file run.cif (mmCIF, C-alpha atoms)
data_work
#
loop_
_atom_site.label_atom_id
_atom_site.label_comp_id
_atom_site.auth_asym_id
_atom_site.auth_seq_id
_atom_site.Cartn_x
_atom_site.Cartn_y
_atom_site.Cartn_z
CA MET A 907 6.26 3.59 -15.32
CA ARG A 908 5.64 5.31 -11.95
CA LEU A 909 4.46 8.43 -13.80
CA HIS A 910 1.98 6.36 -15.81
CA TYR A 911 0.91 4.63 -12.62
CA SER A 912 0.23 7.97 -10.88
CA ILE A 913 -1.69 9.19 -13.94
CA ALA A 914 -3.76 6.02 -13.90
CA LEU A 915 -4.60 6.41 -10.23
CA PHE A 916 -5.72 9.97 -10.94
CA ILE A 917 -7.86 8.87 -13.89
CA LEU A 918 -9.52 6.14 -11.83
CA SER A 919 -10.27 8.61 -9.04
CA ALA A 920 -11.60 11.25 -11.39
CA THR A 921 -13.85 8.87 -13.27
CA GLY A 922 -15.48 7.63 -10.08
CA THR A 923 -14.34 4.17 -10.00
CA HIS A 924 -3.71 5.87 19.98
CA SER A 925 0.88 16.85 20.34
CA PHE A 926 0.87 15.26 23.78
CA THR A 927 3.96 15.25 25.93
CA ALA A 928 3.96 12.88 28.88
CA PRO A 929 4.65 14.49 32.22
CA ALA A 930 7.83 13.42 33.91
CA SER A 931 6.00 12.19 36.99
CA THR A 932 3.51 9.37 37.26
CA SER A 933 0.82 11.44 38.92
CA ILE A 934 -2.52 9.87 39.72
CA VAL A 935 -5.85 11.51 39.12
CA LYS A 936 -8.70 9.43 40.46
CA PRO A 937 -11.95 9.53 38.48
CA SER A 938 -15.00 10.85 40.27
CA ARG A 939 -17.25 7.95 39.30
CA ALA A 940 -17.32 4.81 41.42
CA SER A 941 -16.04 1.66 39.76
CA LEU A 942 -18.67 -0.66 38.39
CA TYR A 943 -16.47 -3.51 39.54
CA SER A 944 -16.44 -3.29 43.33
CA ALA A 945 -16.18 -6.74 44.87
CA THR A 946 -14.25 -7.13 48.07
CA GLU A 947 -12.70 -9.94 50.01
CA GLU A 948 -12.91 -9.72 53.79
CA THR A 949 -9.72 -10.33 55.73
CA THR A 950 -9.01 -10.18 59.45
CA THR A 951 -5.96 -8.36 60.77
CA PRO A 952 -5.18 -8.60 64.50
CA THR A 953 -4.51 -5.26 66.18
CA ASP A 954 -4.06 -4.78 69.92
CA ASN A 955 -5.63 -8.15 70.72
CA GLU A 956 -8.63 -7.29 68.53
CA SER A 957 -9.62 -8.39 65.02
CA GLU A 958 -10.05 -5.59 62.56
CA THR A 959 -12.08 -6.36 59.43
CA THR A 960 -10.65 -4.82 56.25
CA THR A 961 -11.53 -5.19 52.62
CA LYS A 962 -9.27 -6.04 49.75
CA LYS A 963 -10.19 -5.32 46.14
CA THR A 964 -9.53 -8.03 43.58
CA LEU A 965 -8.82 -7.83 39.86
CA GLY A 966 -11.68 -9.44 37.96
CA LEU A 967 -11.15 -8.10 34.42
CA LEU A 968 -7.99 -6.81 32.77
CA THR A 969 -8.22 -5.53 29.19
CA PHE A 970 -5.50 -4.39 26.83
CA ASP A 971 -5.13 -2.32 23.73
CA LEU A 972 -2.62 -4.04 21.40
CA ASP A 973 -0.90 -1.72 18.89
CA ASP A 974 1.86 0.36 20.53
CA THR A 975 0.85 -1.07 23.92
CA LEU A 976 2.33 -4.57 23.58
CA TYR A 977 4.41 -4.12 20.41
CA PRO A 978 5.52 -1.22 18.12
CA VAL A 979 2.80 -0.82 15.51
CA GLU A 980 4.94 0.93 12.88
CA LYS A 981 7.32 -2.02 12.51
CA VAL A 982 4.44 -4.46 12.42
CA ILE A 983 2.51 -2.59 9.75
CA ASN A 984 5.60 -2.07 7.61
CA GLU A 985 6.37 -5.79 7.59
CA ALA A 986 2.74 -6.63 6.85
CA ASN A 987 2.92 -4.21 3.92
CA ASP A 988 6.05 -6.01 2.68
CA ALA A 989 3.96 -9.21 2.65
CA PHE A 990 1.34 -7.34 0.63
CA VAL A 991 3.97 -6.43 -1.99
CA LYS A 992 5.14 -10.04 -2.20
CA ALA A 993 1.58 -11.36 -2.55
CA MET A 994 0.78 -8.83 -5.29
CA HIS A 995 3.94 -9.88 -7.14
CA ASN A 996 2.96 -13.57 -6.85
CA PHE A 997 -0.33 -12.77 -8.57
CA GLY A 998 1.39 -10.91 -11.39
CA PHE A 999 1.08 -7.34 -10.15
CA ASP A 1000 4.66 -6.07 -10.28
CA GLY A 1001 6.00 -2.62 -9.45
CA ILE A 1002 3.99 -2.19 -6.25
CA GLU A 1003 5.82 -0.51 -3.36
CA ARG A 1004 5.38 -1.11 0.38
CA ASP A 1005 3.55 2.13 1.15
CA ASP A 1006 1.24 1.96 -1.86
CA ILE A 1007 -1.52 0.17 0.04
CA ILE A 1008 -1.50 2.87 2.76
CA ASP A 1009 -1.33 5.75 0.29
CA THR A 1010 -4.15 4.33 -1.80
CA ALA A 1011 -6.36 3.59 1.21
CA ARG A 1012 -5.88 7.12 2.49
CA LYS A 1013 -6.69 8.64 -0.90
CA MET A 1014 -9.83 6.53 -1.25
CA ARG A 1015 -11.04 7.56 2.22
CA ALA A 1016 -10.42 11.19 1.27
CA GLU A 1017 -12.42 10.72 -1.95
CA ILE A 1018 -15.37 9.23 -0.05
CA ALA A 1019 -15.12 11.95 2.62
CA VAL A 1020 -15.83 14.65 0.04
CA ASP A 1021 -19.43 13.47 -0.33
CA ASP A 1022 -19.92 11.42 2.84
CA PRO A 1023 -17.42 12.15 5.65
CA LYS A 1024 -19.27 9.95 8.14
CA ARG A 1025 -19.09 6.93 5.85
CA ALA A 1026 -15.40 7.57 5.22
CA ALA A 1027 -14.70 7.77 8.97
CA ALA A 1028 -16.68 4.60 9.65
CA LEU A 1029 -14.75 2.46 7.18
CA SER A 1030 -12.99 -0.34 9.04
CA HIS A 1031 -9.30 -1.04 8.53
CA THR A 1032 -10.22 -4.25 6.71
CA GLU A 1033 -12.62 -2.48 4.36
CA SER A 1034 -10.09 0.24 3.62
CA ARG A 1035 -7.31 -2.21 2.82
CA VAL A 1036 -9.47 -4.51 0.71
CA MET A 1037 -10.63 -1.47 -1.27
CA ALA A 1038 -7.02 -0.33 -1.67
CA ILE A 1039 -5.86 -3.76 -2.88
CA ARG A 1040 -8.63 -3.83 -5.47
CA ARG A 1041 -7.79 -0.29 -6.61
CA GLN A 1042 -4.12 -1.26 -6.98
CA MET A 1043 -5.05 -4.25 -9.12
CA GLU A 1044 -7.51 -2.28 -11.25
CA THR A 1045 -4.90 0.41 -11.79
CA LYS A 1046 -2.28 -2.08 -12.93
CA ILE A 1047 -4.65 -3.79 -15.37
CA PHE A 1048 -5.96 -0.41 -16.57
CA LEU A 1049 -2.45 0.88 -17.21
CA ARG A 1050 -1.40 -2.25 -19.09
CA SER A 1051 -4.49 -2.08 -21.29
CA LEU A 1052 -3.79 1.57 -22.13
CA GLU A 1053 -0.21 0.72 -23.09
CA ASP A 1054 -1.40 -2.11 -25.32
CA ILE A 1055 -4.00 0.12 -27.01
CA ALA A 1056 -1.49 2.92 -27.49
CA ALA A 1057 1.01 0.49 -29.02
CA ASP A 1058 -1.60 -0.79 -31.47
CA GLU A 1059 -2.64 2.74 -32.41
CA CYS A 1060 0.94 4.03 -32.43
CA ILE A 1061 -0.02 7.02 -30.28
CA PRO A 1062 0.97 8.13 -26.76
CA VAL A 1063 -1.18 7.02 -23.85
CA SER A 1064 -1.88 10.68 -23.02
CA GLN A 1065 -3.65 11.12 -26.38
CA LEU A 1066 -6.17 8.29 -25.97
CA SER A 1067 -9.79 9.46 -26.02
CA SER A 1068 -12.03 9.61 -22.98
CA ILE A 1069 -14.21 6.87 -24.46
CA ILE A 1070 -11.23 4.52 -24.65
CA LEU A 1071 -10.21 5.46 -21.10
CA ASN A 1072 -13.69 4.77 -19.71
CA ASN A 1073 -13.97 1.44 -21.52
CA ALA A 1074 -10.53 0.41 -20.28
CA LYS A 1075 -11.52 1.35 -16.74
CA ILE A 1076 -14.67 -0.77 -16.88
CA TRP A 1077 -12.75 -3.68 -18.39
CA ALA A 1078 -10.06 -3.48 -15.68
CA ALA A 1079 -12.65 -3.56 -12.89
CA LYS A 1080 -14.21 -6.73 -14.35
CA ARG A 1081 -10.81 -8.40 -14.62
CA VAL A 1082 -10.08 -8.19 -10.88
CA SER A 1083 -10.96 -11.39 -9.04
CA SER A 1084 -12.50 -11.00 -5.56
CA SER A 1085 -10.82 -14.24 -4.46
CA VAL A 1086 -7.40 -12.87 -5.46
CA VAL A 1087 -8.10 -9.62 -3.60
CA GLN A 1088 -9.01 -11.64 -0.50
CA ALA A 1089 -5.90 -13.84 -0.85
CA VAL A 1090 -3.66 -10.75 -0.88
CA TYR A 1091 -5.46 -9.31 2.13
CA ASN A 1092 -5.14 -12.64 3.98
CA ALA A 1093 -1.38 -12.59 3.36
CA TRP A 1094 -1.24 -9.08 4.78
CA GLU A 1095 -3.24 -10.00 7.89
CA MET A 1096 -1.28 -13.22 8.54
CA GLU A 1097 2.01 -11.34 8.43
CA ARG A 1098 0.58 -8.70 10.75
CA HIS A 1099 0.13 -11.35 13.44
CA HIS A 1100 3.54 -12.94 12.79
CA ALA A 1101 5.24 -9.53 12.95
CA SER A 1102 3.41 -8.70 16.19
CA GLU A 1103 4.89 -11.81 17.77
CA ARG A 1104 8.38 -11.08 16.45
CA HIS A 1105 8.32 -7.53 17.79
CA LEU A 1106 6.49 -8.12 21.07
CA TYR A 1107 8.12 -5.96 23.73
CA PRO A 1108 10.66 -8.21 25.52
CA GLU A 1109 9.21 -7.69 29.01
CA VAL A 1110 5.59 -8.45 28.06
CA ILE A 1111 5.65 -12.19 28.77
CA ASP A 1112 7.29 -11.73 32.19
CA ALA A 1113 4.72 -9.05 33.01
CA PHE A 1114 1.83 -11.35 32.10
CA GLU A 1115 3.32 -14.18 34.16
CA GLN A 1116 3.54 -11.90 37.19
CA ILE A 1117 0.02 -10.57 36.69
CA LYS A 1118 -1.38 -14.09 36.49
CA LYS A 1119 0.59 -15.07 39.60
CA ASP A 1120 -0.74 -12.08 41.54
CA ASN A 1121 -4.28 -12.46 40.19
CA PRO A 1122 -4.86 -16.14 39.32
CA ASN A 1123 -8.59 -15.71 38.64
CA VAL A 1124 -8.36 -12.64 36.43
CA ILE A 1125 -9.98 -12.68 33.00
CA ILE A 1126 -7.82 -11.00 30.37
CA GLY A 1127 -9.19 -9.55 27.14
CA ALA A 1128 -8.08 -7.44 24.20
CA VAL A 1129 -9.88 -4.37 22.83
CA THR A 1130 -8.68 -3.35 19.38
CA ASP A 1131 -9.80 -1.11 16.52
CA GLY A 1132 -8.42 -3.48 13.87
CA LYS A 1133 -7.99 -7.16 13.11
CA ALA A 1134 -5.06 -7.90 15.45
CA ASN A 1135 -6.01 -10.77 17.74
CA PRO A 1136 -3.73 -12.09 20.51
CA ARG A 1137 -5.64 -15.37 20.43
CA LEU A 1138 -4.01 -15.94 17.03
CA MET A 1139 -0.50 -15.19 18.36
CA THR A 1140 0.05 -18.81 19.33
CA PHE A 1141 3.73 -18.56 20.24
CA THR A 1142 3.41 -15.62 22.62
CA LEU A 1143 0.15 -14.06 23.80
CA ALA A 1144 -2.52 -16.64 23.02
CA LYS A 1145 -2.37 -18.51 26.32
CA TYR A 1146 -2.80 -15.32 28.38
CA PHE A 1147 -5.90 -13.95 26.68
CA ASP A 1148 -9.44 -15.20 27.26
CA PHE A 1149 -11.09 -13.12 24.52
CA CYS A 1150 -10.63 -10.38 21.95
CA THR A 1151 -13.18 -7.66 21.14
CA SER A 1152 -12.64 -5.74 17.89
CA TRP A 1153 -14.18 -2.53 16.62
CA GLU A 1154 -14.90 -4.53 13.47
CA ASP A 1155 -17.12 -7.05 15.27
CA ASP A 1156 -20.16 -4.77 15.17
CA GLN A 1157 -20.24 -2.54 12.11
CA ALA A 1158 -23.53 -0.91 13.10
CA SER A 1159 -22.11 0.25 16.43
CA ARG A 1160 -18.92 1.38 14.72
CA GLU A 1161 -20.89 3.51 12.27
CA LYS A 1162 -23.01 4.95 15.09
CA PHE A 1163 -19.87 5.84 17.04
CA PHE A 1164 -18.29 7.71 14.14
CA GLN A 1165 -21.53 9.53 13.39
CA GLU A 1166 -21.58 10.72 16.99
CA LEU A 1167 -17.88 11.51 16.90
CA SER A 1168 -18.37 13.95 14.05
CA ASP A 1169 -20.79 15.94 16.21
CA THR A 1170 -19.14 15.84 19.63
CA ASP A 1171 -15.83 16.25 21.41
CA SER A 1172 -16.83 13.87 24.20
CA ASP A 1173 -15.02 10.60 24.80
CA SER A 1174 -18.22 9.19 26.36
CA ASP A 1175 -19.28 8.16 22.85
CA LEU A 1176 -16.42 5.66 22.81
CA LYS A 1177 -18.21 3.54 25.39
CA TRP A 1178 -19.82 0.93 23.17
CA ILE A 1179 -16.68 -1.11 22.47
CA TYR A 1180 -15.77 -1.17 26.17
CA GLU A 1181 -19.31 -2.04 27.18
CA ALA A 1182 -19.03 -5.00 24.81
CA ALA A 1183 -15.70 -6.04 26.35
CA LYS A 1184 -17.12 -5.67 29.86
CA GLU A 1185 -20.10 -7.86 28.99
CA ARG A 1186 -17.84 -10.53 27.53
CA GLY A 1187 -15.69 -10.45 30.65
CA MET A 1188 -18.73 -10.83 32.87
CA ASP A 1189 -20.06 -13.72 30.76
CA MET A 1190 -16.71 -15.48 30.98
CA ALA A 1191 -16.61 -14.89 34.72
CA GLU A 1192 -19.96 -16.62 35.06
CA LEU A 1193 -18.74 -19.54 32.97
CA GLY A 1194 -15.47 -19.58 34.90
CA LYS A 1195 -16.90 -20.01 38.38
CA ALA A 1196 -15.36 -23.46 38.28
CA ARG A 1197 -12.09 -21.62 38.85
CA GLY A 1198 -13.25 -21.22 42.43
CA LYS A 1199 -14.01 -17.54 42.08
CA LYS A 1200 -17.12 -16.10 43.75
CA ASP A 1201 -18.97 -12.93 42.76
CA ALA A 1202 -16.50 -12.43 39.90
CA THR A 1203 -18.77 -10.00 38.08
CA ASP A 1204 -18.25 -7.32 40.75
CA ASP A 1205 -14.43 -7.18 40.76
CA ILE A 1206 -12.24 -4.26 39.76
CA TRP A 1207 -11.74 -3.77 36.02
CA ILE A 1208 -8.51 -2.21 34.69
CA HIS A 1209 -7.84 -1.24 31.09
CA VAL A 1210 -4.30 -0.74 29.73
CA GLY A 1211 -3.50 1.20 26.57
CA ASP A 1212 -1.53 3.96 24.89
CA ASP A 1213 -4.35 6.18 23.60
CA LEU A 1214 -5.83 8.84 25.87
CA ALA A 1215 -9.15 9.26 24.05
CA TYR A 1216 -9.88 5.67 23.15
CA ASP A 1217 -8.18 3.67 25.92
CA VAL A 1218 -8.55 6.05 28.84
CA GLY A 1219 -11.61 8.12 27.95
CA GLY A 1220 -13.66 5.28 26.53
CA SER A 1221 -12.96 2.64 29.19
CA SER A 1222 -13.23 4.99 32.19
CA ALA A 1223 -16.67 6.06 30.99
CA CYS A 1224 -17.70 2.41 31.48
CA GLY A 1225 -16.24 2.17 34.99
CA ALA A 1226 -12.73 0.89 34.31
CA LYS A 1227 -9.61 2.03 36.13
CA THR A 1228 -6.96 3.02 33.59
CA ILE A 1229 -3.24 2.60 33.01
CA LEU A 1230 -1.75 4.77 30.27
CA CYS A 1231 1.33 3.34 28.53
CA GLU A 1232 3.53 6.32 27.65
CA LEU A 1233 6.55 4.16 27.05
CA ALA A 1234 10.22 5.11 26.97
CA ASP A 1235 11.89 5.73 23.62
CA LYS A 1236 13.40 2.25 23.50
CA TYR A 1237 9.94 0.81 22.84
CA GLN A 1238 9.57 2.82 19.61
CA GLN A 1239 5.97 3.83 20.23
CA THR A 1240 4.69 5.92 17.35
CA ALA A 1241 0.90 6.23 17.69
CA ARG A 1242 0.78 9.21 20.04
CA HIS A 1243 3.19 11.16 17.82
CA ARG A 1244 0.40 11.39 15.25
CA PHE A 1245 -0.72 14.43 17.21
CA ASP A 1246 2.57 16.32 16.98
CA ASN A 1247 1.17 18.12 13.93
CA THR A 1248 -2.49 17.52 13.14
CA ASP A 1249 -2.18 19.51 9.90
CA GLU A 1250 -0.21 16.67 8.38
CA GLN A 1251 -0.32 12.89 8.15
CA SER A 1252 2.49 12.35 10.65
CA ALA A 1253 2.35 8.54 10.88
CA SER A 1254 3.22 6.84 7.60
CA TRP A 1255 1.37 3.66 8.54
CA SER A 1256 -1.93 5.36 9.40
CA ILE A 1257 -4.88 6.04 7.11
CA VAL A 1258 -6.45 8.56 9.51
CA LEU A 1259 -7.23 11.92 7.90
CA PRO A 1260 -6.04 15.28 9.39
CA ARG A 1261 -9.61 16.35 10.28
CA GLU A 1262 -10.03 13.19 12.35
CA LEU A 1263 -6.70 13.80 14.09
CA GLU A 1264 -7.89 17.22 15.23
CA LYS A 1265 -11.01 15.71 16.80
CA HIS A 1266 -8.96 12.94 18.40
CA LYS A 1267 -6.53 15.44 19.92
CA LYS A 1268 -9.38 17.36 21.61
CA MET A 1269 -10.71 14.12 23.06
CA ASN A 1270 -7.21 13.27 24.32
CA ASP A 1271 -7.12 16.49 26.29
CA ASP A 1272 -10.52 15.75 27.82
CA ALA A 1273 -9.46 12.24 28.85
CA GLU A 1274 -6.40 13.38 30.83
CA LYS A 1275 -8.37 13.61 34.07
CA HIS A 1276 -9.34 9.93 33.87
CA VAL A 1277 -5.77 8.54 33.95
CA ASP A 1278 -5.20 6.46 37.12
CA LYS A 1279 -1.61 5.39 36.44
CA ARG A 1280 1.09 6.07 33.87
CA ILE A 1281 3.93 3.68 33.10
CA ALA A 1282 7.07 4.22 31.04
CA PHE A 1283 8.26 0.61 31.21
CA ILE A 1284 6.32 -2.63 30.75
CA THR A 1285 8.08 -4.03 33.83
CA ALA A 1286 6.13 -1.50 35.91
CA LEU A 1287 2.75 -2.87 34.82
CA PRO A 1288 2.21 -5.50 37.56
CA GLU A 1289 3.10 -2.97 40.25
CA ALA A 1290 0.77 -0.35 38.75
CA ILE A 1291 -2.08 -2.87 38.82
CA ASN A 1292 -1.37 -3.74 42.44
CA GLU A 1293 -1.27 -0.06 43.39
CA ILE A 1294 -4.68 0.54 41.83
CA LEU A 1295 -6.11 -2.40 43.77
CA GLU A 1296 -4.58 -1.14 47.03
CA GLU A 1297 -5.78 2.42 46.45
CA SER A 1298 -9.28 1.19 45.62
CA THR A 1299 -9.64 -0.56 49.00
#
call {"tool": "encode", "arguments": {"input": "run.cif", "output": "structure tokens"}}
result
Amino acid sequence: MRLHYSIALFILSATGTHSFTAPASTSIVKPSRASLYSATEETTTPTDNESETTTKKTLGLLTFDLDDTLYPVEKVINEANDAFVKAMHNFGFDGIERDDIIDTARKMRAEIAVDDPKRAAALSHTESRVMAIRRQMETKIFLRSLEDIAADECIPVSQLSSIILNNAKIWAAKRVSSSVVQAVYNAWEMERHHASERHLYPEVIDAFEQIKKDNPNVIIGAVTDGKANPRLMTFTLAKYFDFCTSWEDDQASREKFFQELSDTDSDSDLKWIYEAAKERGMDMAELGKARGKKDATDDIWIHVGDDLAYDVGGSSACGAKTILCELADKYQQTARHRFDNTDEQSASWSIVLPRELEKHKKMNDDAEKHVDKRIAFITALPEAINEILEEST
């Protein structure tokens, strides 16, 4: 059955149907650009019977990457893929394995990349998975129809004519319901959020509580390249986050970014998503003046993430201070190990192609100079934030 399934996938394709090794120290390299968030609070400190006016920076906006920054993405994706298998089974599509959705999505992106690499790179995670779910369904229906035809004709499937194969392919595509495809994807996405809550790093909640205690007026947002949304994680993260900005919110900007990415090694082209997050933070600060905060739009902005190119390079280009999460082994981070060998697909959960990994690795190297702080443990996050604020005074 698996052999027939692989043959069917080949027929359908043919007929057109966040290595980098963290340094041991936590060295700080300050960016040359001045922060766009630069509000100060004046305080008076008595010295030798005189009052000395000093300034203290405040944290206005704090943004986070999600995958492999607040929870281990590999575990989360694997459990979401298990939900995909169960949903496919419930709709009558048996014999699907957990990694089939990833393998199919990757193959389809590779097929598209042959003729249009920019379009393939610009596909969102949602688009890729919906396409893969549909392909899985079409393949199953296609295979079953071939087996039925072969049984009627008393000949092997491999001896069916190309006309029969093409007609069966067209028939299978018409038999797939868009509402069923969406229902399977919804099951996948729902489990992704549930799994993220189950596998949230144990120290995350305590860290957020301390950050909110130290910075009661801070606005906290998420910046993600997928559909993960902490506002939907009602049992854990929802109450700490004010907004979530996704790469999938603005498809036109996403496509423009990937077109630029194919022609440049610069992480400055990653700015658009962080500019969008910054604008949302500023808008919320204006609306949140009832919190008693004044001039909130000029405060320090810090972004926290695990990816050098995207999290560090992209956010620093917009004026953010950066904290790179290169976490200890106990956290089971996997994203950065994608770059251990860019000739291969080193992360089983990822649909990124090797060519894209090579470009990403170059951008990682360029972003190194924009790291303000590195942390190996989530418990160190509040202190790292406070150090950035002190050093920015």
call {"tool": "resolve_selection", "arguments": {"input": "run.cif", "expression": "the PyMOL selection byres ((chain A and resi 1274) around 9)", "output": "tab-separated table (two decimals) with C-alpha atoms, in the frame of the given file"}}
result
chain	number	residue	atom	x	y	z
A	935	VAL	CA	-5.85	11.51	39.12
A	1214	LEU	CA	-5.83	8.84	25.87
A	1215	ALA	CA	-9.15	9.26	24.05
A	1218	VAL	CA	-8.55	6.05	28.84
A	1219	GLY	CA	-11.61	8.12	27.95
A	1269	MET	CA	-10.71	14.12	23.06
A	1270	ASN	CA	-7.21	13.27	24.32
A	1271	ASP	CA	-7.12	16.49	26.29
A	1272	ASP	CA	-10.52	15.75	27.82
A	1273	ALA	CA	-9.46	12.24	28.85
A	1275	LYS	CA	-8.37	13.61	34.07
A	1276	HIS	CA	-9.34	9.93	33.87
A	1277	VAL	CA	-5.77	8.54	33.95
call {"tool": "atom_distance", "arguments": {"input": "run.cif", "atom1": "atom CA of A:Leu967", "atom2": "atom CA of A:Ile1125"}}
result
4.9 Å
call {"tool": "resolve_selection", "arguments": {"input": "run.cif", "expression": "the PyMOL selection byres ((chain A and resi 1292) around 10)", "output": "PyMOL selection string"}}
result
chain A and resi 963-965+1117+1120-1121+1287-1291+1293-1298
call {"tool": "resolve_selection", "arguments": {"input": "run.cif", "expression": "the PyMOL selection byres ((chain A and resi 1095-1099) around 7)", "output": "PyMOL selection string"}}
result
chain A and resi 982-983+986+989+1091-1094+1100-1103+1134+1139
call {"tool": "closest_residue", "arguments": {"input": "run.cif", "among": "A:Glu1033, A:Asp1235, A:Glu980, A:Glu1044", "to": "A:Arg1012", "atoms": "all atoms listed in the file"}}
result
A:Glu1033
call {"tool": "axis_aligned_box", "arguments": {"input": "run.cif", "around": "stretch 1073-1088 of chain A", "padding_each_side": "4 Å", "output": "AutoDock Vina command-line options"}}
result
--center_x -11.0 --center_y -6.4 --center_z -11.0 --size_x 15.3 --size_y 23.7 --size_z 29.0
call {"tool": "atom_distance", "arguments": {"input": "run.cif", "atom1": "atom CA of A:Ala1078", "atom2": "atom CA of A:Ala1038"}}
result
14.7 Å
call {"tool": "atom_distance", "arguments": {"input": "run.cif", "atom1": "atom CA of A:Val1210", "atom2": "atom CA of A:Ala1011"}}
result
28.9 Å
call {"tool": "closest_residue", "arguments": {"input": "run.cif", "among": "A:Ile1008, A:Leu972, A:Ala1074, A:Val1082", "to": "A:Asp1217", "atoms": "all atoms listed in the file"}}
result
A:Leu972
call {"tool": "closest_residue", "arguments": {"input": "run.cif", "among": "A:Asn1135, A:Thr1140, A:Ser1084, A:Thr1240", "to": "A:Arg1040", "atoms": "only C-alpha atoms"}}
result
A:Ser1084
call {"tool": "closest_residue", "arguments": {"input": "run.cif", "among": "A:Ser1030, A:Asn987, A:Thr1228, A:Gln1238", "to": "A:Asp1009", "atoms": "only C-alpha atoms"}}
result
A:Asn987
call {"tool": "closest_residue", "arguments": {"input": "run.cif", "among": "A:Asp1131, A:Glu1053, A:Glu1109, A:Glu985", "to": "A:Tyr1216", "atoms": "all atoms listed in the file"}}
result
A:Asp1131
call {"tool": "closest_residue", "arguments": {"input": "run.cif", "among": "A:Tyr1237, A:Ile1018, A:Ile1039, A:Ile1126", "to": "A:Phe1149", "atoms": "all atoms listed in the file"}}
result
A:Ile1126
call {"tool": "residues_near_point", "arguments": {"input": "run.cif", "point": "(-2.4, -16.7, 34.7)", "cutoff": "12 Å", "atoms": "only C-alpha atoms", "output": "JSON, numbers by chain"}}
result
{"A": [968, 1111, 1112, 1113, 1114, 1115, 1116, 1117, 1118, 1119, 1120, 1121, 1122, 1123, 1124, 1125, 1126, 1143, 1144, 1145, 1146, 1147, 1148, 1197]}
call {"tool": "residues_around", "arguments": {"input": "run.cif", "residues": "A:Val1110", "least_positions_apart": "3", "cutoff": "8 Å", "atoms": "all atoms listed in the file", "output": "MDAnalysis selection string"}}
result
chainID A and resid 976 1106:1107 1113:1114 1284:1285
call {"tool": "build_atoms", "arguments": {"input": "run.cif", "residues": "stretch 1060-1071 of chain A", "atoms": "N, CA and C atoms", "output": "tab-separated table (two decimals), in the coordinates of the input"}}
result
chain	number	residue	atom	x	y	z
A	1060	CYS	N	-0.29	3.26	-32.20
A	1060	CYS	CA	0.94	4.03	-32.43
A	1060	CYS	C	0.78	5.50	-32.00
A	1061	ILE	N	0.12	5.68	-30.84
A	1061	ILE	CA	-0.02	7.02	-30.28
A	1061	ILE	C	0.31	6.98	-28.79
A	1062	PRO	N	0.68	8.11	-28.19
A	1062	PRO	CA	0.97	8.13	-26.76
A	1062	PRO	C	-0.28	7.84	-25.94
A	1063	VAL	N	-0.08	7.29	-24.76
A	1063	VAL	CA	-1.18	7.02	-23.85
A	1063	VAL	C	-1.95	8.30	-23.54
A	1064	SER	N	-1.24	9.40	-23.39
A	1064	SER	CA	-1.88	10.68	-23.02
A	1064	SER	C	-2.84	11.19	-24.09
A	1065	GLN	N	-2.79	10.66	-25.30
A	1065	GLN	CA	-3.65	11.12	-26.38
A	1065	GLN	C	-4.85	10.21	-26.63
A	1066	LEU	N	-5.02	9.18	-25.82
A	1066	LEU	CA	-6.17	8.29	-25.97
A	1066	LEU	C	-7.44	9.03	-25.58
A	1067	SER	N	-8.54	8.74	-26.25
A	1067	SER	CA	-9.79	9.46	-26.02
A	1067	SER	C	-10.43	9.05	-24.70
A	1068	SER	N	-11.34	9.90	-24.24
A	1068	SER	CA	-12.03	9.61	-22.98
A	1068	SER	C	-12.89	8.36	-23.09
A	1069	ILE	N	-13.41	8.08	-24.25
A	1069	ILE	CA	-14.21	6.87	-24.46
A	1069	ILE	C	-13.35	5.63	-24.25
A	1070	ILE	N	-12.15	5.65	-24.81
A	1070	ILE	CA	-11.23	4.52	-24.65
A	1070	ILE	C	-10.84	4.38	-23.18
A	1071	LEU	N	-10.59	5.51	-22.52
A	1071	LEU	CA	-10.21	5.46	-21.10
A	1071	LEU	C	-11.33	4.87	-20.26
